[in-house]
Each structure stands twice: as C-alpha cells, then as structure tokens.
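Trainee: Let me begin by handing over the structure; questions about it come next.
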Amino acid sequence: MIEINSVLKKLSDGADDVIGREYELRPQVIAQLIECVSKRTKENGYVIIGAVNKNNGYSLNGIDMGIDIERLVKLAIQQICPQIQVEYLIQFMGGKKICIIQAKKYVTDEKQLSNEIKVVNRETVFKDLFNACIKLQKNSTFINVLEDQRNDFIRDILETGGYQIKDQTRQGKSASGILSGEVDILLHDKGRPISIIEALNLNGLKETYLDEHIDKVYKYDTLGNAFNFLVSYVKVKDFGRFWEKYVAHIRNYKYPYELVCVDDNITKEYDYADIRYISTIHNRNGKRTILDHICLKIIE
C-alpha cells in the first residue's frame with residue numbers, strides 16, 4: 001500500500017530513492033526511472049509524475065486530465081526487469097492529478113550486482129556527460145529552450161544511467177555571497193558530494209556572464225571536489241572562432257584557486273568540431289582539482 005503523505009515527505013526531503021518529474025510521459029524513460037529507484041532503495045523506491053522537489057518542499061504540477069497516465073505506466077512496467085515488484089496509485093490533490101509508482105528493492109545475486117554498481121570517477125563521468133551532450137545536440141526539441149530544460153534532459157540521461165543526482169540543490173553561497181546558491185546538477189554517493197555540473201546558455205562569449213558561472217562552481221563546491229564540470233550551450237554562427245576566444249579567456253581568467261595548467265587531452269575518442277572540451281587544473285589548498293569545460297554548439 002502506498003502512503004501518499006509519507007512519499008511526499010520523502011520527496012520534500014530529497015530522498016535518494018524518490019524521483020519526481022513534472023512532466024514525463026515516455027514509457028521507456030518511466031521504466032528506466034523505476035529500475036533506478038528500485039536499485040537505489042533499501043526497501044521501497046518511488047517515481048512521482050506530476051510533482052517535483054522544490055525549495056525543501058514539493059510542487060504539484062499535475063498531469064493533464066486528457067492523458068491516460070495509467071496506460072503509459074502499464075507500458076513502462078512491461079519494459080522493466082520482471083524481478084522488480086511494482087504498484088502504482090493515481091491520486092488527485094488540490095484538483096491536480098499525480099501518479100505515484102512504488103518499486104520494491106531489486107535484489108540480485110552478488111556477482112550481477114557488482115557489475116551494476118556505477119563506478120564514479122572523472123573519466124567515466126566525463127564520457128557519460130559528453131555522450132549526454134551529444135544526444136541533446138542532435139535533438140531538435142532543445143534548439144530554442146531555457147537552460148533548465150536542457151539541464152533536465154542531461155540530468156535524466158545521467159540519472160537513468162545509474163548516477164545519484166540532486167538538481168537545483170541549495171548549497172554553498174550564491175553569487176552575492178550571502179545566501180545559499182542553487183547547484184544545477186550535483187552528483188553524489190548517498191549524500192556525499194562527488195561533482196558539480198554547472199551549465200549556461202551562451203549566444204556569444206559574454207565574459208562577465210561566463211565568469212559568474214565559473215565563480216559559482218567554486219562557491220557551490222564548499223568541500224573541494226576532485227573534479228567539476230562547466231557545460232555551455234552555445235548558439236553562434238562561427239563556433240570555431242567562439243572556441244578560440246573561450247580558450248583564451250579561461251587561460252587568462254583569475255580563478256579563486258591558482259591555475260596550474262590547461263589540458264585538452266581528456267580522451268581523443270571525442271574529437272568533434274561542434275562539441276569541444278578543455279580542462280583547467282588548479283591548486284586548491286595544496287590539492288589538485290580539475291574544472292572540465294564542455295562547449296556544445298546548438299545547431300539551428
């Protein structure tokens with residue numbers, strides 16, 4: 001039996017085994033989210049469609065009354081591993097329809113489980129994030145959208161790929177240095193921060209705006225992660241010229257921590273003209289930390 005208030009409380013608390021989606025109607029993605037929470041939970045995990053975590057609470061967005069969400073959920077259940085036990089509930093709250101899907105913990109043999117554990121290191125995260133950027137770039141849906149919509153797409157791909165993610169999490173200091181700021185995407189391991197992904201839309205090299213986002217990474221990263229990411233969604237005619245100016249700027253920028261060197265040798269298997277990457281390596285209190293920059297051209 002699904003206890004609605006208990007589930008919404010977990011959503012408000014940002015529990016790792018509860019995923020809220022404002023609007024998700026693709027059975028394949030719903031199936032991936034169900035499998036994700038079932039492997040992450042200690043007992044029961046939940047996928048909620050029509051509600052999201054917001055400001056240490058939750059926001060009810062609701063599902064359009066004309067959408068047969070039950071049919072979509074049933075299609076999703078057909079696609080998941082048969083060992084996962086699932087039940088769902090469609091509920092009206094404040095005149096808005098939401099769907100709560102409960103998935104019991106997925107138990108498998110130790111050998112198989114060891115193969116499913118996500119190994120989180122810089123190279124693995126970089127490759128998965130880069131591949132997510134490739135998928136976003138070729139999807140025409142994201143040509144003229146807000147930064148948050150692009151971030152949601154990236155987050156969904158990483159999350160269904162096995163990463164533990166918190167997005168728009170209040171952490172560290174804001175740009176003003178007074179209140180907590182909002183992290184675009186935070187990768188973590190059972191609450192322990194691993195890496196921050198900060199993203200921005202650019203229609204040219206707006207240095208002040210770019211600098212603000214670089215500084216945000218370090219204001220949000222209060223612990224000193226081994227690696228973080230800055231992803232720029234770029235809409236320009238001459239991407240090659242943009243990239244030259246971008247690289248020149250980050251080479252000369254005055255970072256909060258000493259710039260040791262600049263490196264573009266992450267992996268040569270990702271050598272594309274319209275998605276570029278480079279790393280700035282820093283000395284943070286005697287420890288080597290890395291900020292990986294990824295710029296992808298949004299093609300109109």
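Labels for the structure tokens follow display order: chains A, B, ..., residues from 1 in each chain, ligands from 1.
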Which residues are close to A:Lys138, i.e. within 9 Å by only C-alpha atoms, leaving aside same-chain residues fewer than 4 positions away? Reply as a PDB file with C-alpha atoms, in the first residue's frame.
Mentor:
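This is the output file result14.pdb:
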```pdb
ATOM      1  CA  CYS A 133      25.587  16.380 -24.617  1.00  0.00           C
ATOM      2  CA  ILE A 134      25.791  14.599 -27.977  1.00  0.00           C
ATOM      3  CA  PHE A 142      16.229  21.698 -27.495  1.00  0.00           C
ATOM      4  CA  ILE A 298      23.301  24.296 -30.579  1.00  0.00           C
ATOM      5  CA  ILE A 299      22.619  23.863 -34.286  1.00  0.00           C
TER       6      ILE A 299
END
```
Trainee: If we count only C-alpha atoms and set the cut-off at 7 Å, which residues sit around A:Asn283, ignoring sequence neighbours fewer than 5 positions away in its own chain? Please answer as a PyMOL selection string.
Mentor: chain A and resi 257-260+288-289
Trainee: Take the residues from that selection and put them in a file with C-alpha atoms, as a PDB file, in the first residue's frame.
Mentor:
```pdb
ATOM      1  CA  TYR A 257      42.254  28.981  -6.837  1.00  0.00           C
ATOM      2  CA  GLU A 258      45.609  29.012  -8.599  1.00  0.00           C
ATOM      3  CA  LEU A 259      45.555  27.863 -12.224  1.00  0.00           C
ATOM      4  CA  VAL A 260      48.336  25.291 -12.607  1.00  0.00           C
ATOM      5  CA  ARG A 288      44.942  19.141  -7.383  1.00  0.00           C
ATOM      6  CA  THR A 289      41.389  19.860  -8.556  1.00  0.00           C
TER       7      THR A 289
END
```
Trainee: Counting only C-alpha atoms, what is within 10 Å of A:Ser59, bar same-chain residues fewer than 2 positions away, as a list in words?
Mentor: Leu8, Leu11, Ser12, Gly20, Glu22, Gly50, Ala51, Val52, Asn53, Lys54, Asn55, Gly57, Asn61 and Gly62 of chain A
Trainee: For the residues selected in the previous step, produce a file with N, CA and C atoms as an mmCIF file, in the first residue's frame.
Mentor:
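result-v9.cif written:
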```cif
data_model
loop_
_atom_site.group_PDB
_atom_site.id
_atom_site.type_symbol
_atom_site.label_atom_id
_atom_site.label_comp_id
_atom_site.auth_asym_id
_atom_site.auth_seq_id
_atom_site.Cartn_x
_atom_site.Cartn_y
_atom_site.Cartn_z
ATOM 1 N N LEU A 8 5.384 11.854 -0.226
ATOM 2 C CA LEU A 8 5.590 13.277 -0.494
ATOM 3 C C LEU A 8 6.575 13.888 0.496
ATOM 4 N N LEU A 11 9.883 13.013 -0.827
ATOM 5 C CA LEU A 11 10.172 13.882 -1.966
ATOM 6 C C LEU A 11 10.652 15.246 -1.482
ATOM 7 N N SER A 12 9.986 15.791 -0.473
ATOM 8 C CA SER A 12 10.367 17.090 0.087
ATOM 9 C C SER A 12 11.765 17.056 0.685
ATOM 10 N N GLY A 20 11.019 12.703 -8.625
ATOM 11 C CA GLY A 20 9.826 13.428 -9.052
ATOM 12 C C GLY A 20 10.033 14.027 -10.428
ATOM 13 N N GLU A 22 8.097 16.577 -13.275
ATOM 14 C CA GLU A 22 6.997 17.499 -13.559
ATOM 15 C C GLU A 22 6.129 16.988 -14.697
ATOM 16 N N GLY A 50 4.147 14.338 -12.000
ATOM 17 C CA GLY A 50 3.230 15.435 -11.698
ATOM 18 C C GLY A 50 3.604 16.202 -10.451
ATOM 19 N N ALA A 51 4.743 15.854 -9.835
ATOM 20 C CA ALA A 51 5.212 16.562 -8.638
ATOM 21 C C ALA A 51 6.732 16.527 -8.606
ATOM 22 N N VAL A 52 7.336 17.605 -8.092
ATOM 23 C CA VAL A 52 8.792 17.695 -8.023
ATOM 24 C C VAL A 52 9.215 18.290 -6.687
ATOM 25 N N ASN A 53 10.450 18.007 -6.312
ATOM 26 C CA ASN A 53 11.043 18.630 -5.130
ATOM 27 C C ASN A 53 11.305 20.100 -5.428
ATOM 28 N N LYS A 54 10.985 20.961 -4.474
ATOM 29 C CA LYS A 54 11.203 22.392 -4.691
ATOM 30 C C LYS A 54 11.381 23.104 -3.359
ATOM 31 N N ASN A 55 12.547 23.731 -3.204
ATOM 32 C CA ASN A 55 12.822 24.568 -2.030
ATOM 33 C C ASN A 55 12.491 23.861 -0.719
ATOM 34 N N GLY A 57 10.660 21.418 -0.173
ATOM 35 C CA GLY A 57 9.260 21.005 -0.128
ATOM 36 C C GLY A 57 8.944 20.319 -1.441
ATOM 37 N N ASN A 61 2.540 19.860 -9.945
ATOM 38 C CA ASN A 61 2.309 20.404 -11.280
ATOM 39 C C ASN A 61 1.091 19.767 -11.933
ATOM 40 N N GLY A 62 0.894 18.493 -11.618
ATOM 41 C CA GLY A 62 -0.260 17.784 -12.146
ATOM 42 C C GLY A 62 -0.062 17.253 -13.553
#
```
Trainee: Show me, as number ranges by chain, the residues that have an atom within 10 Å of A:Gly240 when counting only C-alpha atoms, minus same-chain residues fewer than 3 positions from it.
Mentor: A: 236-237, 243-246, 273-274, 276, 297
Trainee: Using only C-alpha atoms, which of the listed residues (A:Ile196, A:Ile80, A:Leu129, A:Ile2) sits closest to A:Ile101?
Mentor: A:Ile2
Trainee: Provide the atom CA of A:Gln102 to atom CA of A:Leu89 distance in Å, to one decimal place.
Mentor: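 According to the coordinates, atom CA of A:Gln102 and atom CA of A:Leu89 are separated by 8.4 Å.
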Trainee: One number please: atom CA of A:Gly191 to atom CA of A:Gly14, in Å, one decimal.
Mentor: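 These atoms are spaced 9.9 Å apart.
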